[in-house]
Structure formats: C-alpha cells, structure tokens
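Containing mmCIF, C-alpha atoms (C1' of nucleotides): start_9.cif.
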data_data
loop_
_atom_site.label_atom_id
_atom_site.label_comp_id
_atom_site.auth_asym_id
_atom_site.auth_seq_id
_atom_site.Cartn_x
_atom_site.Cartn_y
_atom_site.Cartn_z
CA MET A 1 -86.53 -92.44 168.79
CA GLU A 2 -86.80 -94.34 172.08
CA ALA A 3 -83.55 -94.36 173.99
CA ALA A 4 -84.07 -97.99 174.97
CA THR A 5 -84.31 -98.95 171.30
CA VAL A 6 -80.96 -97.35 170.57
CA PHE A 7 -79.25 -98.97 173.54
CA ARG A 8 -80.74 -102.31 172.70
CA ALA A 9 -79.38 -102.02 169.17
CA LEU A 10 -75.94 -101.33 170.60
CA GLY A 11 -76.29 -104.21 173.03
CA ASP A 12 -74.88 -106.93 170.83
CA PRO A 13 -71.20 -107.59 170.08
CA VAL A 14 -71.79 -108.15 166.36
CA ARG A 15 -73.75 -104.93 165.94
CA LEU A 16 -71.26 -103.04 168.03
CA GLN A 17 -68.50 -104.28 165.77
CA MET A 18 -70.44 -103.14 162.72
CA VAL A 19 -70.82 -99.68 164.18
CA GLN A 20 -67.13 -99.58 164.97
CA ARG A 21 -66.28 -100.53 161.42
CA LEU A 22 -68.51 -97.75 160.16
CA THR A 23 -66.81 -95.13 162.29
CA GLY A 24 -63.57 -96.03 160.51
CA ASN A 25 -64.82 -96.48 156.97
CA ARG A 26 -66.93 -93.63 155.71
CA SER A 27 -69.44 -96.11 154.25
CA CYS A 28 -69.51 -99.72 153.13
CA THR A 29 -71.69 -101.96 151.08
CA ILE A 30 -73.74 -104.49 153.01
CA GLY A 31 -71.58 -107.32 151.74
CA ALA A 32 -68.36 -105.70 152.87
CA LEU A 33 -69.81 -104.92 156.27
CA SER A 34 -71.10 -108.49 156.66
CA GLY A 35 -67.81 -110.27 156.05
CA GLY A 36 -65.53 -111.69 158.72
CA LEU A 37 -68.15 -111.72 161.43
CA GLY A 38 -68.43 -115.48 161.67
CA ILE A 39 -72.05 -115.46 160.56
CA THR A 40 -73.99 -115.65 157.31
CA ARG A 41 -74.69 -112.64 155.16
CA GLN A 42 -78.36 -113.06 156.03
CA GLY A 43 -77.58 -113.19 159.72
CA ALA A 44 -75.52 -110.03 159.41
CA ARG A 45 -78.30 -108.44 157.39
CA LYS A 46 -80.72 -108.93 160.26
CA HIS A 47 -78.37 -107.21 162.65
CA LEU A 48 -78.02 -104.41 160.16
CA GLN A 49 -81.76 -104.00 160.08
CA VAL A 50 -81.84 -103.64 163.85
CA LEU A 51 -79.29 -100.85 163.58
CA ALA A 52 -81.32 -99.24 160.81
CA ASP A 53 -84.55 -99.47 162.81
CA ALA A 54 -82.80 -97.73 165.68
CA GLU A 55 -81.67 -95.09 163.18
CA LEU A 56 -78.07 -95.69 164.06
CA VAL A 57 -77.43 -96.44 160.44
CA VAL A 58 -78.86 -95.43 157.10
CA LEU A 59 -79.22 -97.77 154.14
CA GLU A 60 -78.90 -96.12 150.77
CA PRO A 61 -79.61 -98.32 147.74
CA LYS A 62 -77.17 -97.53 144.99
CA GLY A 63 -77.57 -99.55 141.82
CA ARG A 64 -76.81 -103.17 142.45
CA ASP A 65 -75.67 -102.68 146.02
CA VAL A 66 -76.65 -100.86 149.18
CA LEU A 67 -74.41 -98.36 150.90
CA VAL A 68 -74.46 -98.31 154.69
CA HIS A 69 -73.50 -95.22 156.58
CA LEU A 70 -73.58 -94.24 160.18
CA ASP A 71 -75.96 -91.65 161.53
CA PRO A 72 -73.87 -89.89 164.17
CA ARG A 73 -76.89 -87.94 165.39
CA THR A 74 -78.37 -91.04 167.00
CA LEU A 75 -75.04 -91.85 168.57
CA GLU A 76 -74.98 -88.32 169.93
CA LEU A 77 -78.50 -88.78 171.24
CA ALA A 78 -77.53 -91.87 173.18
CA MET A 79 -74.52 -90.13 174.63
CA ARG A 80 -76.54 -87.15 175.74
CA PHE A 81 -79.04 -89.47 177.41
CA ILE A 82 -76.31 -90.93 179.60
CA ALA A 83 -74.79 -87.52 180.21
CA ASP A 84 -78.15 -86.32 181.49
CA LEU A 85 -78.42 -89.26 183.86
CA GLU A 86 -75.00 -88.45 185.23
CA ARG A 87 -75.87 -84.80 185.55
CA LYS A 88 -78.98 -85.65 187.53
CA TRP A 89 -76.96 -87.97 189.73
CA GLU A 90 -74.35 -85.30 190.37
CA ALA A 91 -77.05 -82.79 191.21
CA ARG A 92 -78.44 -85.20 193.75
CA LEU A 93 -74.99 -85.61 195.25
CA ASP A 94 -74.48 -81.87 195.44
CA ALA A 95 -77.81 -81.36 197.17
CA LEU A 96 -76.87 -83.99 199.71
CA ARG A 97 -73.42 -82.50 200.26
CA GLU A 98 -74.86 -79.07 200.87
CA PHE A 99 -77.29 -80.50 203.36
CA VAL A 100 -74.50 -82.24 205.25
CA GLU A 101 -72.16 -79.27 205.29
CA GLU A 102 -74.80 -76.95 206.69
CA PRO A 103 -76.29 -79.13 209.45
CA PRO A 104 -78.92 -76.70 210.77
CA PRO A 105 -79.70 -74.01 208.21
CA ILE A 106 -80.94 -71.85 211.07
CA GLU A 107 -77.90 -69.69 211.50
CA GLY A 108 -74.20 -69.50 210.49
CA MET B 1 -67.08 -105.30 181.62
CA GLU B 2 -68.13 -105.76 178.00
CA ALA B 3 -69.61 -102.63 176.48
CA ALA B 4 -72.31 -104.67 174.74
CA THR B 5 -73.42 -106.08 178.10
CA VAL B 6 -73.90 -102.61 179.51
CA PHE B 7 -75.81 -101.35 176.49
CA ARG B 8 -77.96 -104.44 176.47
CA ALA B 9 -78.83 -103.84 180.11
CA LEU B 10 -79.85 -100.29 179.27
CA GLY B 11 -81.80 -101.49 176.27
CA ASP B 12 -85.11 -102.07 177.99
CA PRO B 13 -87.66 -99.45 178.99
CA VAL B 14 -88.28 -100.97 182.43
CA ARG B 15 -84.60 -101.13 183.28
CA LEU B 16 -84.03 -97.67 181.92
CA GLN B 17 -86.79 -96.40 184.16
CA MET B 18 -85.19 -98.09 187.14
CA VAL B 19 -81.89 -96.41 186.40
CA GLN B 20 -83.63 -93.08 186.07
CA ARG B 21 -85.31 -93.54 189.41
CA LEU B 22 -81.97 -94.31 190.96
CA THR B 23 -80.37 -91.16 189.62
CA GLY B 24 -83.01 -89.20 191.52
CA ASN B 25 -83.19 -91.19 194.74
CA ARG B 26 -79.83 -91.85 196.29
CA SER B 27 -80.81 -95.48 196.94
CA CYS B 28 -83.98 -97.54 197.26
CA THR B 29 -85.00 -100.90 198.56
CA ILE B 30 -85.84 -103.49 195.94
CA GLY B 31 -89.51 -103.31 196.83
CA ALA B 32 -89.70 -99.56 196.40
CA LEU B 33 -87.86 -99.73 193.10
CA SER B 34 -90.14 -102.50 191.84
CA GLY B 35 -93.44 -100.71 192.39
CA GLY B 36 -95.48 -98.96 189.73
CA LEU B 37 -93.80 -100.65 186.83
CA GLY B 38 -96.79 -102.72 185.76
CA ILE B 39 -95.04 -105.99 186.45
CA THR B 40 -94.61 -108.36 189.37
CA ARG B 41 -91.99 -107.87 192.01
CA GLN B 42 -90.32 -111.01 190.73
CA GLY B 43 -90.34 -109.68 187.21
CA ALA B 44 -88.80 -106.45 188.38
CA ARG B 45 -86.25 -108.41 190.37
CA LYS B 46 -85.05 -110.15 187.22
CA HIS B 47 -84.53 -106.83 185.50
CA LEU B 48 -82.65 -105.63 188.55
CA GLN B 49 -80.37 -108.64 188.31
CA VAL B 50 -79.58 -107.78 184.70
CA LEU B 51 -78.57 -104.29 185.81
CA ALA B 52 -76.48 -105.77 188.62
CA ASP B 53 -74.76 -108.23 186.27
CA ALA B 54 -73.86 -105.33 184.02
CA GLU B 55 -72.49 -103.57 187.11
CA LEU B 56 -74.77 -100.64 186.53
CA VAL B 57 -76.17 -101.18 189.97
CA VAL B 58 -74.99 -102.57 193.29
CA LEU B 59 -77.14 -104.59 195.64
CA GLU B 60 -76.36 -104.17 199.31
CA PRO B 61 -78.23 -106.46 201.71
CA LYS B 62 -79.18 -104.54 204.80
CA GLY B 63 -81.07 -106.45 207.42
CA ARG B 64 -84.43 -107.50 206.11
CA ASP B 65 -84.19 -105.60 202.88
CA VAL B 66 -81.73 -104.91 200.10
CA LEU B 67 -80.56 -101.44 199.18
CA VAL B 68 -80.01 -100.72 195.52
CA HIS B 69 -77.66 -98.01 194.41
CA LEU B 70 -76.36 -96.89 191.09
CA ASP B 71 -72.75 -97.37 190.06
CA PRO B 72 -72.03 -94.21 188.07
CA ARG B 73 -68.67 -95.57 186.93
CA THR B 74 -70.33 -98.03 184.57
CA LEU B 75 -72.55 -95.29 183.24
CA GLU B 76 -69.44 -93.23 182.64
CA LEU B 77 -67.83 -96.19 180.88
CA ALA B 78 -70.74 -96.48 178.48
CA MET B 79 -70.66 -92.78 177.76
CA ARG B 80 -66.96 -92.81 177.06
CA PHE B 81 -67.44 -95.71 174.68
CA ILE B 82 -69.82 -93.67 172.56
CA ALA B 83 -67.64 -90.60 172.85
CA ASP B 84 -64.74 -92.61 171.44
CA LEU B 85 -66.82 -93.75 168.51
CA GLU B 86 -67.74 -90.17 167.76
CA ARG B 87 -64.15 -89.07 168.09
CA LYS B 88 -63.07 -91.73 165.63
CA TRP B 89 -65.82 -90.66 163.26
CA GLU B 90 -64.80 -87.02 163.49
CA ALA B 91 -61.17 -87.94 162.84
CA ARG B 92 -62.25 -89.76 159.73
CA LEU B 93 -64.15 -86.69 158.60
CA ASP B 94 -61.18 -84.45 159.25
CA ALA B 95 -58.87 -86.71 157.28
CA LEU B 96 -61.26 -86.61 154.38
CA ARG B 97 -61.62 -82.86 154.56
CA GLU B 98 -57.87 -82.37 154.54
CA PHE B 99 -57.58 -84.65 151.55
CA VAL B 100 -60.18 -82.66 149.65
CA GLU B 101 -58.74 -79.26 150.50
CA GLU B 102 -55.24 -80.21 149.34
CA PRO B 103 -56.03 -82.02 146.09
CA PRO B 104 -52.50 -83.11 145.08
CA PRO B 105 -50.08 -82.96 147.98
CA ILE B 106 -47.23 -82.53 145.49
CA GLU B 107 -46.80 -78.82 145.71
CA GLY B 108 -48.61 -75.70 146.97
"C1'" DC C 1 -93.15 -115.69 220.32
"C1'" DT C 2 -96.11 -114.78 216.36
"C1'" DA C 3 -97.42 -112.19 212.53
"C1'" DT C 4 -96.06 -109.76 208.73
"C1'" DA C 5 -93.10 -107.50 205.67
"C1'" DA C 6 -89.02 -107.96 202.34
"C1'" DT C 7 -86.90 -110.99 199.75
"C1'" DG C 8 -85.09 -115.44 197.58
"C1'" DC C 9 -85.51 -119.64 194.66
"C1'" DA C 10 -87.39 -122.59 191.16
"C1'" DA C 11 -90.51 -124.11 187.58
"C1'" DC C 12 -93.05 -122.96 183.76
"C1'" DT C 13 -95.06 -120.42 179.58
"C1'" DT C 14 -94.74 -117.45 175.80
"C1'" DG C 15 -92.55 -114.57 172.64
"C1'" DT C 16 -88.59 -112.75 170.53
"C1'" DC C 17 -83.67 -113.12 168.98
"C1'" DG C 18 -79.84 -114.87 166.56
"C1'" DG C 19 -78.84 -117.68 163.08
"C1'" DT C 20 -79.45 -120.81 159.13
"C1'" DT C 21 -81.07 -122.55 154.56
"C1'" DG C 22 -83.29 -122.20 150.12
"C1'" DC C 23 -84.80 -119.69 146.53
"C1'" DC C 24 -85.96 -115.39 143.90
"C1'" DT C 25 -84.70 -110.61 141.80
"C1'" DA C 26 -82.01 -107.13 139.80
"C1'" DT C 27 -77.81 -105.04 138.21
"C1'" DT C 28 -73.20 -105.30 136.22
"C1'" DT C 29 -69.85 -107.07 133.22
"C1'" DG C 30 -67.88 -109.68 129.45
"C1'" DC D 1 -77.51 -112.13 125.98
"C1'" DA D 2 -75.17 -115.06 129.67
"C1'" DA D 3 -72.69 -115.34 133.85
"C1'" DA D 4 -71.55 -113.53 137.98
"C1'" DT D 5 -72.46 -110.30 141.80
"C1'" DA D 6 -75.18 -107.98 145.44
"C1'" DG D 7 -78.95 -108.36 147.68
"C1'" DG D 8 -84.13 -109.51 149.15
"C1'" DC D 9 -87.75 -112.57 151.22
"C1'" DA D 10 -89.67 -116.21 153.91
"C1'" DA D 11 -89.64 -120.34 156.60
"C1'" DC D 12 -87.64 -122.63 160.07
"C1'" DC D 13 -85.04 -123.85 164.53
"C1'" DG D 14 -82.87 -123.66 169.10
"C1'" DA D 15 -81.90 -120.67 172.81
"C1'" DC D 16 -82.86 -117.23 175.75
"C1'" DA D 17 -85.60 -113.36 177.81
"C1'" DA D 18 -89.63 -111.58 180.02
"C1'" DG D 19 -93.01 -112.47 182.94
"C1'" DT D 20 -95.82 -115.30 185.95
"C1'" DT D 21 -97.03 -118.31 190.02
"C1'" DG D 22 -96.11 -120.79 194.23
"C1'" DC D 23 -93.57 -121.58 198.13
"C1'" DA D 24 -89.58 -121.07 201.34
"C1'" DT D 25 -86.67 -117.94 204.23
"C1'" DT D 26 -85.30 -114.31 207.23
"C1'" DA D 27 -85.83 -110.15 209.89
"C1'" DT D 28 -88.38 -106.77 212.22
"C1'" DA D 29 -92.69 -105.29 214.91
"C1'" DG D 30 -96.13 -106.05 218.54
#

Can I see the file as structure tokens?
Amino acid sequence: MEAATVFRALGDPVRLQMVQRLTGNRSCTIGALSGGLGITRQGARKHLQVLADAELVVLEPKGRDVLVHLDPRTLELAMRFIADLERKWEARLDALREFVEEPPPIEG
Amino acid sequence: MEAATVFRALGDPVRLQMVQRLTGNRSCTIGALSGGLGITRQGARKHLQVLADAELVVLEPKGRDVLVHLDPRTLELAMRFIADLERKWEARLDALREFVEEPPPIEG
DNA sequence: CTATAATGCAACTTGTCGGTTGCCTATTTG
DNA sequence: CAAATAGGCAACCGACAAGTTGCATTATAG
C-alpha cells in the first residue's frame, strides 16, 4: 500500500471522524457509522470506500448489512512511516552535531 | 493545526517525496527542491505551499532565494495522533478481553 | 550597470472530490 | 407474502486541486 494513499485517506475530517469512531466501537454497520455526520448515507459511503481502498478499514458483508472494522495494521504502517522520517531527520542532526563539536578531525 | 490538514498535505506522492528529501538535506532552496519531480517549478511551488500551510515546512527568504526547512514538530504531531488512535483501539481490545475472561463479574 | 538566476503572481485548463438525488436489490420481520 | 430495513449503483453538479504558461520582480555576478 502506498503511504500517500493512506495519508490521503486520513486527510479529510469526515473520514478521520469515522476512523475515530471505529477505534472506540469494535465494529459498526455502515448505517450506524454514516449517521450524524451531516451528510447523506451515500456521501458517507463514498468516504468509507476511500478508507477501504486505503486498507484502513475492512468491509465484511453480513446478511442484510455490512460490518465495518478498522485494520490497525495500516494505521501502524502510517505511523512507522512518520517515525522513519523523524529517525532520518534525527540522524542528520546528529551527524551535523558531531561535525560541529569536532571542528578539525585531525587531532584531539 | 487540524490533523486532517496535515494528513492531507502528506497525502500526495510529490509532497511526500519533498518531505523525504528534506529529512535528508538539512535545508534546500525552492529551486533545488523542485527539480527532478517531473513537474514545473510552479507546480512544485504549489505543492510546497500546501506543505507550508500545513506547517510541515517553513519558508525562509534569504536574499535572492528561499530556504525550505522541515518542521519536525508537525510531523511529531501527526505521529502522536495515530499513536493515540492505536492506544484507544488497544484499550478497547483490553476491555473486551477482560470482559471475556471474567464471564460474570458476580463472584470468583 | 546589465545579464541572469531565483522566485513571485495571475489566469487558465483539466480532472478529481465531495456531495446529492433517484432508483434498484436483497434480507429481515411480522 | 408484504412491509420495512440496509445497502448498492449510476448520473449529475459545483468546487477545488494539480498542473501549465506567461510575465513581472528582485538580487547577485561580471
């Protein structure tokens, strides 16, 4: 999964709210998840599809309705991506610091 | 800063690449950062503005050119946001587990 | 001082996004 | 079986995003 796709999916207040709801409720039906968002069920459904395409969420048809549950692995993936960026940045800082603290690495 | 704004800014391959470049190079000029992306300088500049609006990046005019440097605090903010989601999710799991392991909390 | 290098600003085009409406399908439930 | 419930599919619209082009501005180099 492309990191950008995941971030893009998270980059909308409605979708972010959906994800937040899902971290609290183990799983919901589409209808339940779509209520109280100020948009139509169909509108909400589209957002849900974006989350599903980014694999942030899994849709499991169950009889008449569809259960939605979070896929925490993708969330973890996104987090690790940022952590790696920070790590690389820190490394860069450290390298610079070392260079500054030892002006000429010729002798102590 | 809205979390959704930050994620949205990260949700594009070009912008993500820019951020990655910046974690390696302490700071670049706009021109340097805009090269080799397969788009115009002006196109790149727009992406850069999105990153700046999300406070992922700071633009510092310096004589004839503009230095771009990363703001790791916003990156950290985004990471923490996801970490909190995961924490909430884990808590939910734990609560469920406890409930299952102690079927009726009436007596041992 | 002039040329050029680095950037800014604005207009415009094209495609995608967020959202809606209307209608169809399938599963419960009474 | 009939009614209600949960959802799917497709067309449509307005707004915005991505990207371009053209030209103006400012600072450094010769």

Could you check the closest approach to chain D for each of B:Ala44, B:Val57, B:Leu77, B:Ala91 and tell me which residue wins, using all atoms listed in the file? B:Ala44

Mind telling me what the PyMOL selection byres ((chain D) within 12 of (chain A)) catches here, as a ChimeraX atom specification? /D:5-10

Chain C residues near chain B within 10 Å, closest pair each, using all atoms listed in the file, as JSON lines:
{"residue": "C:DA5", "atom": "C1'", "partner": "B:Arg64", "partner_atom": "CA", "distance": 8.7}
{"residue": "C:DA6", "atom": "C1'", "partner": "B:Asp65", "partner_atom": "CA", "distance": 5.4}
{"residue": "C:DT7", "atom": "C1'", "partner": "B:Asp65", "partner_atom": "CA", "distance": 6.8}
{"residue": "C:DG8", "atom": "C1'", "partner": "B:Gln42", "partner_atom": "CA", "distance": 9.7}

Proximal residues of chain A relative to chain B (all atoms listed in the file; 10 Å) as a ChimeraX atom specification: /A:2-17,19-26,70,72-73,75-76,78-93,96

Could you expand the PyMOL selection byres ((chain D and resi 2) around 12) into the explicit residues it covers here, written as a PyMOL selection string? (chain C and resi 28-30) or (chain D and resi 1+3-4)

Could you work out how far atom CA of Lys62 of chain B lies from atom CA of His47 of chain B, giving the answer in Å with one decimal?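 Interatomic distance, atom CA of His47 of chain B to atom CA of Lys62 of chain B: 20.2 Å.
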
Every residue with an atom at most 12 Å from (-87.4, -122.2, 192.3) (file coordinates; all atoms listed in the file) is what I'm after, so could you write them as a VMD selection string? (chain B and resid 42) or (chain C and resid 8 to 12) or (chain D and resid 21 to 24)

Given the PyMOL selection byres ((chain C and resi 13) around 9), the residues it picks as JSON, numbers by chain: {"C": [12, 14], "D": [19, 20]}

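For the pair atom CA of Asp53 of chain B and atom CA of Ser27 of chain B, the interatomic distance is 17.7 Å.
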
Tell me, in Å to one decimal, how far atom CA of Ala54 of chain A is from atom C1' of DG15 of chain C. 20.7 Å

Contacts of Asp71 of chain A within 7 Å, all atoms listed in the file, excl. fewer than 4 positions in-chain, as a PyMOL selection string: chain A and resi 55-58

Output as an mmCIF file, in the frame of the given file: segment 48-77 of chain B, completed with N, CA and C atoms.
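Result file follows (part.cif):
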data_model
loop_
_atom_site.group_PDB
_atom_site.id
_atom_site.type_symbol
_atom_site.label_atom_id
_atom_site.label_comp_id
_atom_site.auth_asym_id
_atom_site.auth_seq_id
_atom_site.Cartn_x
_atom_site.Cartn_y
_atom_site.Cartn_z
ATOM 1 N N LEU B 48 -83.651 -106.174 187.641
ATOM 2 C CA LEU B 48 -82.650 -105.630 188.550
ATOM 3 C C LEU B 48 -81.369 -106.465 188.493
ATOM 4 N N GLN B 49 -81.536 -107.764 188.376
ATOM 5 C CA GLN B 49 -80.370 -108.640 188.310
ATOM 6 C C GLN B 49 -79.566 -108.379 187.042
ATOM 7 N N VAL B 50 -80.272 -108.108 185.947
ATOM 8 C CA VAL B 50 -79.580 -107.780 184.700
ATOM 9 C C VAL B 50 -78.724 -106.521 184.892
ATOM 10 N N LEU B 51 -79.317 -105.527 185.541
ATOM 11 C CA LEU B 51 -78.570 -104.290 185.810
ATOM 12 C C LEU B 51 -77.368 -104.568 186.714
ATOM 13 N N ALA B 52 -77.572 -105.435 187.691
ATOM 14 C CA ALA B 52 -76.480 -105.770 188.620
ATOM 15 C C ALA B 52 -75.377 -106.528 187.891
ATOM 16 N N ASP B 53 -75.754 -107.462 187.020
ATOM 17 C CA ASP B 53 -74.760 -108.230 186.270
ATOM 18 C C ASP B 53 -73.937 -107.327 185.360
ATOM 19 N N ALA B 54 -74.563 -106.282 184.876
ATOM 20 C CA ALA B 54 -73.860 -105.330 184.020
ATOM 21 C C ALA B 54 -73.090 -104.307 184.859
ATOM 22 N N GLU B 55 -73.190 -104.466 186.171
ATOM 23 C CA GLU B 55 -72.490 -103.570 187.110
ATOM 24 C C GLU B 55 -72.961 -102.123 187.000
ATOM 25 N N LEU B 56 -74.207 -101.981 186.564
ATOM 26 C CA LEU B 56 -74.770 -100.640 186.530
ATOM 27 C C LEU B 56 -75.327 -100.287 187.894
ATOM 28 N N VAL B 57 -75.486 -101.323 188.707
ATOM 29 C CA VAL B 57 -76.170 -101.180 189.970
ATOM 30 C C VAL B 57 -75.535 -102.125 190.981
ATOM 31 N N VAL B 58 -75.535 -101.716 192.241
ATOM 32 C CA VAL B 58 -74.990 -102.570 193.290
ATOM 33 C C VAL B 58 -76.085 -102.895 194.296
ATOM 34 N N LEU B 59 -76.148 -104.147 194.677
ATOM 35 C CA LEU B 59 -77.140 -104.590 195.640
ATOM 36 C C LEU B 59 -76.475 -104.806 196.993
ATOM 37 N N GLU B 60 -76.957 -104.074 197.984
ATOM 38 C CA GLU B 60 -76.360 -104.170 199.310
ATOM 39 C C GLU B 60 -77.378 -104.649 200.319
ATOM 40 N N PRO B 61 -77.286 -105.914 200.726
ATOM 41 C CA PRO B 61 -78.230 -106.460 201.710
ATOM 42 C C PRO B 61 -78.072 -105.683 203.014
ATOM 43 N N LYS B 62 -79.206 -105.317 203.567
ATOM 44 C CA LYS B 62 -79.180 -104.540 204.800
ATOM 45 C C LYS B 62 -80.334 -105.003 205.673
ATOM 46 N N GLY B 63 -80.035 -105.903 206.565
ATOM 47 C CA GLY B 63 -81.070 -106.450 207.420
ATOM 48 C C GLY B 63 -82.118 -107.184 206.621
ATOM 49 N N ARG B 64 -83.344 -106.819 206.802
ATOM 50 C CA ARG B 64 -84.430 -107.500 206.110
ATOM 51 C C ARG B 64 -84.527 -107.139 204.637
ATOM 52 N N ASP B 65 -84.055 -105.981 204.287
ATOM 53 C CA ASP B 65 -84.190 -105.600 202.880
ATOM 54 C C ASP B 65 -82.850 -105.325 202.198
ATOM 55 N N VAL B 66 -82.935 -105.082 200.908
ATOM 56 C CA VAL B 66 -81.730 -104.910 200.100
ATOM 57 C C VAL B 66 -81.728 -103.514 199.491
ATOM 58 N N LEU B 67 -80.688 -102.776 199.766
ATOM 59 C CA LEU B 67 -80.560 -101.440 199.180
ATOM 60 C C LEU B 67 -79.966 -101.550 197.778
ATOM 61 N N VAL B 68 -80.518 -100.749 196.883
ATOM 62 C CA VAL B 68 -80.010 -100.720 195.520
ATOM 63 C C VAL B 68 -79.418 -99.347 195.269
ATOM 64 N N HIS B 69 -78.162 -99.315 194.848
ATOM 65 C CA HIS B 69 -77.660 -98.010 194.410
ATOM 66 C C HIS B 69 -76.922 -98.115 193.094
ATOM 67 N N LEU B 70 -76.957 -96.996 192.411
ATOM 68 C CA LEU B 70 -76.360 -96.890 191.090
ATOM 69 C C LEU B 70 -74.835 -96.931 191.188
ATOM 70 N N ASP B 71 -74.202 -97.476 190.172
ATOM 71 C CA ASP B 71 -72.750 -97.370 190.060
ATOM 72 C C ASP B 71 -72.431 -96.450 188.870
ATOM 73 N N PRO B 72 -72.191 -95.187 189.155
ATOM 74 C CA PRO B 72 -72.030 -94.210 188.070
ATOM 75 C C PRO B 72 -70.801 -94.491 187.205
ATOM 76 N N ARG B 73 -69.879 -95.292 187.710
ATOM 77 C CA ARG B 73 -68.670 -95.570 186.930
ATOM 78 C C ARG B 73 -68.998 -96.343 185.665
ATOM 79 N N THR B 74 -69.945 -97.261 185.765
ATOM 80 C CA THR B 74 -70.330 -98.030 184.570
ATOM 81 C C THR B 74 -71.045 -97.146 183.567
ATOM 82 N N LEU B 75 -71.867 -96.257 184.095
ATOM 83 C CA LEU B 75 -72.550 -95.290 183.240
ATOM 84 C C LEU B 75 -71.509 -94.459 182.491
ATOM 85 N N GLU B 76 -70.523 -94.029 183.229
ATOM 86 C CA GLU B 76 -69.440 -93.230 182.640
ATOM 87 C C GLU B 76 -68.714 -94.030 181.565
ATOM 88 N N LEU B 77 -68.506 -95.311 181.837
ATOM 89 C CA LEU B 77 -67.830 -96.190 180.880
ATOM 90 C C LEU B 77 -68.595 -96.231 179.569
#
